[in-house]
>>> print(open('data-v8.cif').read())   # mmCIF, C-alpha atoms
data_model
#
loop_
_atom_site.label_atom_id
_atom_site.label_comp_id
_atom_site.auth_asym_id
_atom_site.auth_seq_id
_atom_site.Cartn_x
_atom_site.Cartn_y
_atom_site.Cartn_z
CA MET L 1 2.20 27.58 1.71
CA PRO L 2 -1.56 27.02 1.90
CA LEU L 3 -3.05 26.10 5.25
CA ILE L 4 -6.21 24.10 4.53
CA LEU L 5 -8.92 22.57 6.67
CA GLY L 6 -10.18 19.33 5.13
CA ILE L 7 -13.58 17.81 5.97
CA GLU L 8 -14.60 14.24 5.08
CA THR L 9 -18.00 12.61 5.67
CA SER L 10 -18.57 10.47 2.59
CA CYS L 11 -19.37 7.22 4.43
CA ASP L 12 -18.86 6.15 8.05
CA GLU L 13 -15.86 8.24 9.16
CA THR L 14 -16.35 11.78 10.46
CA ALA L 15 -13.00 13.43 9.81
CA ALA L 16 -11.30 16.83 9.83
CA ALA L 17 -7.67 17.74 9.34
CA VAL L 18 -5.43 20.77 8.98
CA VAL L 19 -2.70 20.40 6.36
CA GLU L 20 0.00 22.90 5.44
CA ASP L 21 1.83 22.87 2.10
CA VAL L 22 0.57 19.32 1.25
CA HIS L 23 3.22 17.51 3.28
CA GLU L 24 2.71 18.79 6.83
CA VAL L 25 -0.30 17.27 8.53
CA ARG L 26 -0.75 19.54 11.52
CA SER L 27 -3.74 17.57 12.76
CA SER L 28 -5.95 14.71 11.63
CA ILE L 29 -9.02 13.68 13.63
CA VAL L 30 -11.11 10.67 12.59
CA ALA L 31 -14.21 9.56 14.49
CA SER L 32 -15.10 6.04 13.38
CA GLN L 33 -18.65 4.69 13.28
CA HIS L 34 -17.62 1.03 13.21
CA ASP L 35 -19.35 0.27 16.50
CA THR L 36 -22.57 1.83 15.19
CA HIS L 37 -22.69 -0.32 12.07
CA ALA L 38 -21.10 -3.55 13.32
CA PRO L 39 -24.42 -5.12 14.44
CA PHE L 40 -25.70 -4.77 10.86
CA GLY L 41 -22.60 -6.13 9.12
CA GLY L 42 -22.31 -3.00 6.98
CA VAL L 43 -23.02 0.72 6.82
CA VAL L 44 -26.61 1.85 7.38
CA PRO L 45 -26.91 5.20 5.54
CA GLU L 46 -29.46 6.77 7.89
CA LEU L 47 -27.40 5.92 10.96
CA ALA L 48 -24.24 7.18 9.28
CA ALA L 49 -25.80 10.59 8.56
CA ARG L 50 -27.13 10.87 12.11
CA ASP L 51 -23.72 10.08 13.60
CA HIS L 52 -22.06 12.67 11.37
CA VAL L 53 -24.50 15.32 12.59
CA GLU L 54 -23.70 14.48 16.20
CA ARG L 55 -19.92 14.48 15.73
CA ILE L 56 -19.00 16.97 13.01
CA ASP L 57 -18.70 20.13 15.14
CA THR L 58 -16.59 18.38 17.77
CA VAL L 59 -14.32 16.77 15.19
CA ILE L 60 -13.69 20.07 13.40
CA GLY L 61 -13.07 21.84 16.70
CA ASP L 62 -10.64 19.13 17.80
CA ALA L 63 -8.74 19.32 14.49
CA LEU L 64 -8.32 23.08 14.76
CA ALA L 65 -7.27 22.85 18.41
CA ALA L 66 -4.75 20.08 17.74
CA ALA L 67 -3.23 22.15 14.94
CA GLY L 68 -3.10 25.27 17.11
CA THR L 69 -5.11 27.02 14.42
CA LYS L 70 -7.97 29.50 14.38
CA PRO L 71 -10.38 29.71 11.43
CA ARG L 72 -8.90 33.12 10.55
CA ASP L 73 -5.49 31.45 10.04
CA LEU L 74 -6.79 29.19 7.27
CA ASP L 75 -6.48 29.87 3.55
CA ALA L 76 -9.41 27.65 2.54
CA ILE L 77 -11.78 24.86 3.51
CA ALA L 78 -11.86 21.69 1.41
CA VAL L 79 -14.77 19.27 1.64
CA THR L 80 -15.66 15.95 0.02
CA VAL L 81 -18.71 16.33 -2.25
CA GLY L 82 -18.78 12.78 -3.66
CA PRO L 83 -18.94 9.95 -4.33
CA GLY L 84 -20.53 8.63 -1.18
CA LEU L 85 -23.76 8.40 0.78
CA ALA L 86 -26.00 11.38 0.03
CA GLY L 87 -27.04 12.08 3.61
CA ALA L 88 -23.52 11.67 4.94
CA LEU L 89 -22.05 13.98 2.31
CA LEU L 90 -24.62 16.67 3.06
CA VAL L 91 -23.50 16.87 6.69
CA GLY L 92 -19.90 17.64 5.78
CA ILE L 93 -20.86 20.03 2.99
CA SER L 94 -23.25 21.94 5.24
CA ALA L 95 -20.63 22.27 7.96
CA ALA L 96 -18.03 23.47 5.44
CA LYS L 97 -20.41 26.04 3.95
CA GLY L 98 -21.41 27.37 7.34
CA MET L 99 -17.82 27.74 8.44
CA ALA L 100 -16.79 29.32 5.14
CA VAL L 101 -19.50 31.97 5.50
CA ALA L 102 -18.79 32.61 9.18
CA ALA L 103 -15.02 32.92 8.70
CA GLY L 104 -15.05 34.49 5.24
CA LEU L 105 -13.07 31.61 3.75
CA PRO L 106 -13.11 30.20 0.21
CA LEU L 107 -14.43 26.69 -0.38
CA VAL L 108 -12.99 23.86 -2.48
CA ALA L 109 -15.16 20.89 -3.51
CA VAL L 110 -13.13 17.64 -3.61
CA ASN L 111 -13.73 14.31 -5.32
CA HIS L 112 -13.30 11.56 -2.71
CA LEU L 113 -11.51 9.29 -5.19
CA GLU L 114 -9.09 12.02 -6.15
CA ALA L 115 -8.44 12.63 -2.47
CA HIS L 116 -7.43 8.99 -1.99
CA ILE L 117 -4.96 9.33 -4.87
CA ALA L 118 -3.61 12.56 -3.35
CA SER L 119 -2.95 10.78 -0.05
CA ASN L 120 0.29 9.53 -1.62
CA SER L 121 1.47 13.12 -2.14
CA ILE L 122 1.40 13.84 1.60
CA GLU L 123 4.27 11.49 2.40
CA HIS L 124 5.94 11.09 -1.01
CA ALA L 125 7.26 14.23 -2.67
CA ASP L 126 8.16 12.18 -5.75
CA PHE L 127 4.61 10.96 -6.33
CA VAL L 128 4.09 12.74 -9.64
CA PRO L 129 2.80 11.70 -13.07
CA PRO L 130 3.21 9.65 -15.13
CA ALA L 131 2.04 6.86 -12.88
CA VAL L 132 -0.48 4.04 -12.52
CA VAL L 133 -2.59 4.04 -9.36
CA LEU L 134 -4.50 1.12 -7.85
CA LEU L 135 -7.39 2.57 -5.84
CA VAL L 136 -9.00 -0.07 -3.62
CA SER L 137 -11.63 0.51 -0.96
CA GLY L 138 -14.99 -0.64 0.33
CA GLY L 139 -16.82 1.06 -2.49
CA HIS L 140 -14.29 1.27 -5.31
CA THR L 141 -11.72 -0.77 -7.21
CA LEU L 142 -10.00 1.20 -9.96
CA LEU L 143 -6.81 1.26 -12.00
CA VAL L 144 -5.99 4.82 -13.02
CA HIS L 145 -3.32 6.18 -15.38
CA LEU L 146 -2.08 9.63 -14.36
CA THR L 147 -0.55 11.69 -17.19
CA GLY L 148 0.36 15.30 -16.53
CA GLU L 149 -2.76 16.92 -15.15
CA ARG L 150 -5.13 14.31 -16.57
CA PHE L 151 -6.00 10.75 -15.76
CA THR L 152 -7.61 7.82 -17.52
CA VAL L 153 -9.53 5.06 -15.78
CA LEU L 154 -8.00 1.89 -17.20
CA GLY L 155 -10.25 -0.55 -15.39
CA GLU L 156 -12.79 -0.82 -12.59
CA THR L 157 -14.93 -3.40 -10.86
CA VAL L 158 -17.90 -4.70 -12.78
CA ASP L 159 -19.66 -5.81 -9.58
CA ASP L 160 -18.40 -5.80 -5.98
CA ALA L 161 -15.49 -3.63 -4.93
CA VAL L 162 -12.73 -5.63 -3.28
CA GLY L 163 -13.38 -4.05 0.13
CA GLU L 164 -17.05 -4.91 -0.21
CA ALA L 165 -16.11 -8.52 -0.92
CA TYR L 166 -13.98 -8.58 2.23
CA ASP L 167 -16.95 -7.32 4.25
CA LYS L 168 -19.36 -9.85 2.74
CA VAL L 169 -17.03 -12.79 3.34
CA ALA L 170 -16.40 -11.65 6.91
CA ARG L 171 -20.14 -11.33 7.51
CA PHE L 172 -20.76 -14.83 6.12
CA LEU L 173 -18.06 -16.26 8.40
CA GLY L 174 -19.39 -14.33 11.39
CA LEU L 175 -16.15 -12.39 11.82
CA GLY L 176 -17.68 -8.94 12.30
CA TYR L 177 -17.42 -5.57 10.56
CA PRO L 178 -15.33 -4.15 8.97
CA GLY L 179 -14.10 -7.30 7.30
CA GLY L 180 -10.77 -6.18 5.86
CA PRO L 181 -8.67 -5.93 9.02
CA VAL L 182 -10.06 -9.10 10.62
CA ILE L 183 -9.55 -11.23 7.50
CA ASP L 184 -6.04 -9.81 7.04
CA ALA L 185 -5.15 -10.68 10.65
CA LEU L 186 -6.79 -14.13 10.50
CA ALA L 187 -5.05 -15.02 7.23
CA ARG L 188 -1.66 -14.49 8.84
CA ASP L 189 -2.48 -17.31 11.27
CA ALA L 190 -3.41 -19.79 8.54
CA GLY L 191 -1.45 -22.98 7.95
CA PRO L 192 0.53 -23.76 4.80
CA GLY L 193 -2.50 -24.94 2.81
CA PRO L 194 -5.10 -22.14 2.43
CA LEU L 195 -8.40 -22.87 0.69
CA ASP L 196 -7.87 -22.92 -3.08
CA LEU L 197 -10.30 -20.53 -4.78
CA PRO L 198 -10.74 -19.30 -8.37
CA ARG L 199 -9.18 -16.09 -9.71
CA ALA L 200 -11.44 -14.00 -11.97
CA MET L 201 -8.71 -12.49 -14.15
CA MET L 202 -11.03 -11.30 -16.96
CA ASP L 203 -8.26 -11.75 -19.52
CA GLY L 204 -7.74 -8.90 -21.95
CA SER L 205 -9.18 -6.33 -19.57
CA TYR L 206 -8.05 -4.26 -16.60
CA ASP L 207 -11.53 -4.62 -15.09
CA PHE L 208 -12.15 -6.53 -11.87
CA SER L 209 -14.85 -8.88 -10.59
CA PHE L 210 -15.08 -10.10 -7.00
CA SER L 211 -18.69 -11.24 -6.59
CA GLY L 212 -17.83 -14.69 -7.94
CA LEU L 213 -15.00 -15.06 -5.44
CA LYS L 214 -17.38 -14.31 -2.58
CA THR L 215 -19.81 -16.91 -3.95
CA ALA L 216 -17.00 -19.46 -4.25
CA VAL L 217 -16.19 -18.97 -0.56
CA VAL L 218 -19.82 -19.56 0.42
CA GLN L 219 -20.11 -22.68 -1.72
CA ALA L 220 -16.83 -24.15 -0.47
CA VAL L 221 -17.80 -23.65 3.17
CA LYS L 222 -21.30 -25.08 2.70
CA LYS L 223 -20.00 -28.13 0.82
CA ALA L 224 -17.45 -28.81 3.55
CA ASP L 225 -20.13 -28.46 6.22
CA ALA L 226 -22.36 -30.91 4.33
CA ARG L 227 -19.52 -33.44 4.39
CA GLY L 228 -19.08 -32.88 8.12
CA ASP L 229 -15.64 -31.44 7.43
CA ARG L 230 -15.81 -27.88 8.75
CA LEU L 231 -13.18 -25.57 7.26
CA ASP L 232 -11.00 -23.54 9.57
CA ASP L 233 -11.83 -19.80 9.39
CA ALA L 234 -8.15 -18.89 9.04
CA GLU L 235 -7.82 -21.30 6.10
CA VAL L 236 -10.84 -19.73 4.39
CA ALA L 237 -9.66 -16.18 5.11
CA ALA L 238 -6.20 -16.91 3.72
CA GLY L 239 -7.62 -18.53 0.59
CA PHE L 240 -9.98 -15.66 -0.07
CA GLN L 241 -7.32 -13.02 0.53
CA GLU L 242 -4.73 -14.75 -1.63
CA ALA L 243 -7.19 -15.02 -4.52
CA ALA L 244 -8.21 -11.35 -4.24
CA VAL L 245 -4.64 -10.10 -3.91
CA ASP L 246 -3.46 -12.24 -6.84
CA VAL L 247 -5.93 -10.48 -9.13
CA LEU L 248 -5.17 -6.99 -7.83
CA VAL L 249 -1.42 -7.45 -8.13
CA ALA L 250 -1.50 -9.14 -11.56
CA LYS L 251 -3.60 -6.42 -13.12
CA THR L 252 -1.65 -3.60 -11.51
CA VAL L 253 1.71 -4.96 -12.69
CA ALA L 254 0.29 -5.56 -16.17
CA ALA L 255 -0.96 -1.97 -16.33
CA VAL L 256 2.40 -0.57 -15.21
CA ARG L 257 4.23 -2.59 -17.85
CA ASP L 258 1.70 -2.08 -20.67
CA VAL L 259 1.34 1.66 -20.15
CA GLY L 260 5.09 2.02 -19.84
CA VAL L 261 5.49 3.96 -16.59
CA ASP L 262 8.06 3.48 -13.85
CA ARG L 263 5.93 4.66 -10.93
CA CYS L 264 2.93 3.05 -9.22
CA GLY L 265 0.76 4.32 -6.40
CA VAL L 266 -1.75 2.50 -4.20
CA ALA L 267 -4.57 4.20 -2.32
CA GLY L 268 -7.82 3.52 -0.45
CA GLY L 269 -8.70 1.58 2.65
CA VAL L 270 -7.65 -1.79 1.25
CA ALA L 271 -4.20 -0.32 0.56
CA ALA L 272 -3.54 -0.93 4.28
CA ASN L 273 -3.83 -4.70 3.73
CA SER L 274 -0.54 -6.30 4.74
CA ARG L 275 -0.58 -9.05 2.11
CA LEU L 276 -1.34 -6.62 -0.73
CA ARG L 277 1.48 -4.31 0.36
CA GLU L 278 3.89 -7.23 0.70
CA ARG L 279 3.08 -8.62 -2.74
CA LEU L 280 3.26 -5.26 -4.50
CA GLU L 281 6.59 -4.45 -2.88
CA SER L 282 7.94 -7.76 -4.13
CA GLU L 283 6.68 -7.13 -7.66
CA ALA L 284 8.07 -3.59 -7.67
CA ASP L 285 11.48 -4.98 -6.75
CA SER L 286 11.25 -7.66 -9.44
CA TYR L 287 10.12 -5.38 -12.27
CA GLY L 288 12.01 -2.26 -11.23
CA PHE L 289 9.22 0.27 -10.78
CA ALA L 290 8.86 2.73 -7.89
CA LEU L 291 6.00 1.87 -5.54
CA ARG L 292 4.42 4.56 -3.39
CA MET L 293 1.85 3.76 -0.70
CA PRO L 294 0.39 5.91 2.08
CA SER L 295 1.06 4.83 5.63
CA PRO L 296 -1.87 2.74 6.94
CA GLY L 297 -3.36 5.70 8.81
CA LEU L 298 -3.76 7.60 5.54
CA CYS L 299 -5.29 4.68 3.62
CA ALA L 300 -8.71 4.70 5.28
CA ASP L 301 -11.06 7.66 4.83
CA ASN L 302 -9.50 10.76 6.39
CA ALA L 303 -9.57 14.50 5.89
CA ALA L 304 -5.84 15.09 5.41
CA MET L 305 -6.15 13.60 1.94
CA VAL L 306 -9.05 15.96 1.20
CA ALA L 307 -6.95 18.97 2.13
CA ALA L 308 -4.01 17.63 0.10
CA ALA L 309 -6.21 17.21 -2.97
CA ALA L 310 -7.24 20.86 -2.73
CA ASP L 311 -3.72 22.30 -2.40
CA ALA L 312 -3.01 23.08 -6.07
CA ARG L 313 -6.40 24.73 -6.55
CA VAL L 314 -5.94 26.89 -3.47
CA ARG L 315 -2.54 28.02 -4.77
CA ASP L 316 -4.15 28.99 -8.07
CA SER L 317 -7.16 30.61 -6.36
CA GLU L 318 -9.54 28.19 -8.06
CA PHE L 319 -12.41 28.05 -5.60
CA ASP L 320 -15.99 26.82 -5.64
CA GLY L 321 -18.97 28.83 -4.54
CA LEU L 322 -21.58 28.04 -1.92
CA HIS L 323 -23.65 26.37 -4.64
CA VAL L 324 -21.67 23.12 -4.32
CA ALA L 325 -23.91 20.11 -3.73
CA ALA L 326 -23.55 16.47 -2.80
CA GLN L 327 -22.78 14.22 -5.77
CA PRO L 328 -23.24 10.63 -4.53
CA SER L 329 -22.37 9.08 -7.90
CA LEU L 330 -19.44 11.34 -8.75
CA ARG L 331 -16.79 9.64 -10.90
CA LEU L 332 -13.20 10.32 -11.79
CA ASP L 333 -13.55 12.16 -15.06
CA GLY L 334 -10.83 13.99 -16.90
CA VAL L 335 -8.70 16.50 -15.07
CA TRP L 336 -6.62 15.57 -12.05
CA THR L 337 -6.20 18.69 -9.89
CA ARG L 338 -2.90 17.26 -8.73
CA THR L 339 -1.06 18.40 -5.67
CA ARG L 340 2.23 20.21 -6.11
CA THR L 341 5.53 19.13 -4.63
#
>>> encode(input="data-v8.cif", output="structure tokens")
Amino acid sequence: MPLILGIETSCDETAAAVVEDVHEVRSSIVASQHDTHAPFGGVVPELAARDHVERIDTVIGDALAAAGTKPRDLDAIAVTVGPGLAGALLVGISAAKGMAVAAGLPLVAVNHLEAHIASNSIEHADFVPPAVVLLVSGGHTLLVHLTGERFTVLGETVDDAVGEAYDKVARFLGLGYPGGPVIDALARDAGPGPLDLPRAMMDGSYDFSFSGLKTAVVQAVKKADARGDRLDDAEVAAGFQEAAVDVLVAKTVAAVRDVGVDRCGVAGGVAANSRLRERLESEADSYGFALRMPSPGLCADNAAMVAAAADARVRDSEFDGLHVAAQPSLRLDGVWTRTRT
């Protein structure tokens, strides 16, 4: 039963976790940088890297202490190498390399997107291929088909990721950063008539587009202001969220039915969105497929998912050397080093 330290610094969360045998999260420490970036309405790469440098040693130490673990007890260290911000990634990779050398531990390089998918394996022993996975976050919107130990990207965003659209709409409305949680909460307070906005379905494709939806929000608000008829923020938030969720759900259900699988997973920070979870649960009940979602705490960037993604490779002694480097534009490509149940 591998005992793995995971390290995650791909964007604005400094995280470390100790995970045993995929399913037992012995500790998970996440230091958020939201307060650092909130004044700018989004992540500033240079500030993110600086914060990681200041926090990484403490976060790793806290994760080991909370797990009651010494470095010598570990079987491996897993670290995110991409995709993400180059400077931020380098901080985590450097810390992982230094610790691996000091403790004589093997190193596993992990794809951040694969780690999000693996987050489902921590809590769901039956999350195994074949399956379709909707991966939604601030930087990514993907539909992935898992088959055996391989995956195929069925569709992806052609412009803004859905989480990015949430942030941009929230910034335009003056709601703060990050935008996802505040829009989700505000939408729940909306009346029965949310703002009606277009759905970019891109018929015949599993790809996504959300930049037009953001533009539609801006235009609707400005037109209302020009008429002297200011729109309620909750009404706008609910309209935007309903339009975004409609597209995500429609394409996910279509992929599940077209590919012919009976299992669907959801992952990424936007997977914590209450309306998305509610709608997908309803569709899963209607169409009879099994839906697996991480608990909200495992949806956002964390290091437990990084350790979980490395589990199968640690079992098979498939390690990476100290030559591993940051890969900011890393994509999902080919083999899924799936976790074992």
>>> closest_residue(input="data-v8.cif", among="L:Thr252, L:Ala48, L:Leu113, L:Gly87", to="Ala309 (chain L)", atoms="all atoms listed in the file")
L:Leu113
>>> resolve_selection(input="data-v8.cif", expression="the PyMOL selection byres ((chain L and resi 187-202) around 7)", output="list of chain:residue names")
L:Ile183, L:Asp184, L:Ala185, L:Leu186, L:Asp203, L:Gly204, L:Ser205, L:Asp207, L:Ser209, L:Leu213, L:Ala216, L:Ala234, L:Glu235, L:Val236, L:Ala237, L:Ala238, L:Gly239, L:Phe240, L:Ala243, L:Val247
>>> resolve_selection(input="data-v8.cif", expression="the PyMOL selection byres ((chain L and resi 220-223) around 10)", output="list of chain:residue names")
L:Phe172, L:Leu173, L:Leu195, L:Asp196, L:Leu197, L:Thr215, L:Ala216, L:Val217, L:Val218, L:Gln219, L:Ala224, L:Asp225, L:Ala226, L:Arg227, L:Gly228, L:Asp229, L:Arg230, L:Leu231, L:Asp232, L:Asp233, L:Val236
>>> residues_around(input="data-v8.cif", residues="region 143-160 of chain L", least_positions_apart="3", cutoff="10 Å", atoms="all atoms listed in the file", output="JSON, numbers by chain")
{"L": [117, 128, 129, 130, 131, 132, 133, 134, 135, 136, 138, 139, 140, 163, 164, 165, 166, 168, 205, 206, 207, 208, 209, 210, 211, 212, 213, 214, 248, 251, 252, 255, 256, 259, 261, 264, 265, 266, 331, 332, 333, 334, 335, 336, 337, 338, 339]}
>>> resolve_selection(input="data-v8.cif", expression="the PyMOL selection byres ((chain L and resi 178) around 9)", output="MDAnalysis selection string")
chainID L and resid 34 37:38 41:42 166:167 170:171 175:177 179:182
>>> residues_around(input="data-v8.cif", residues="Ala109 (chain L)", least_positions_apart="6", cutoff="10 Å", atoms="all atoms listed in the file", output="list in words")
Ile77, Ala78, Val79, Thr80, Val81, Gly82, Ile93, Ala96, Val306, Ala309, Ala310, Phe319, Asp320, Gly321, Leu322, Val324, Ala325 and Ala326 of chain L
>>> residues_near_point(input="data-v8.cif", point="(-17.9, 6.9, 3.9)", cutoff="8 Å", atoms="all atoms listed in the file", output="VMD selection string")
chain L and resid 9 to 13 84 to 85 88 301
>>> closest_residue(input="data-v8.cif", among="L:Ala271, L:Ile60, L:Val19, L:Leu47", to="Val162 (chain L)", atoms="all atoms listed in the file")
L:Ala271
>>> atom_distance(input="data-v8.cif", atom1="CA of Val245 (chain L)", atom2="CA of Arg279 (chain L)")
7.9 Å
>>> closest_residue(input="data-v8.cif", among="L:Val253, L:Arg72, L:Gly92, L:Val25", to="Ala290 (chain L)", atoms="all atoms listed in the file")
L:Val253
>>> closest_residue(input="data-v8.cif", among="L:Ala76, L:Ile56, L:Val30, L:Val110", to="Pro2 (chain L)", atoms="all atoms listed in the file")
L:Ala76
>>> closest_residue(input="data-v8.cif", among="L:Pro83, L:Ala161, L:Ile4, L:Arg26", to="Asn111 (chain L)", atoms="all atoms listed in the file")
L:Pro83
>>> residues_near_point(input="data-v8.cif", point="(-8.3, 31.7, 8.8)", cutoff="10 Å", atoms="only C-alpha atoms", output="PyMOL selection string")
chain L and resi 3-5+69-77+100+103-106
>>> axis_aligned_box(input="data-v8.cif", around="region 175-182 of chain L", padding_each_side="5 Å", output="JSON")
{"center_x": -13.2, "center_y": -8.3, "center_z": 9.1, "size_x": 19.0, "size_y": 18.2, "size_z": 16.4}
>>> closest_residue(input="data-v8.cif", among="L:Leu280, L:Met293, L:Ala17, L:Val169", to="Ala66 (chain L)", atoms="only C-alpha atoms")
L:Ala17
>>> residues_around(input="data-v8.cif", residues="Ser119 (chain L)", least_positions_apart="4", cutoff="10 Å", atoms="all atoms listed in the file", output="list in words")
Val22, His23, Glu114, Ala115, Glu123, His124, Phe127, Gly265, Val266, Ala267, Gly268, Met293, Pro294, Ser295, Leu298, Cys299, Ala300, Asp301, Asn302, Ala303, Ala304, Met305, Val306, Ala307, Ala308, Ala309 and Thr339 of chain L
>>> atom_distance(input="data-v8.cif", atom1="CA of Ala63 (chain L)", atom2="CA of Ala15 (chain L)")
8.6 Å
>>> atom_distance(input="data-v8.cif", atom1="CA of Asp57 (chain L)", atom2="CA of Phe40 (chain L)")
26.2 Å
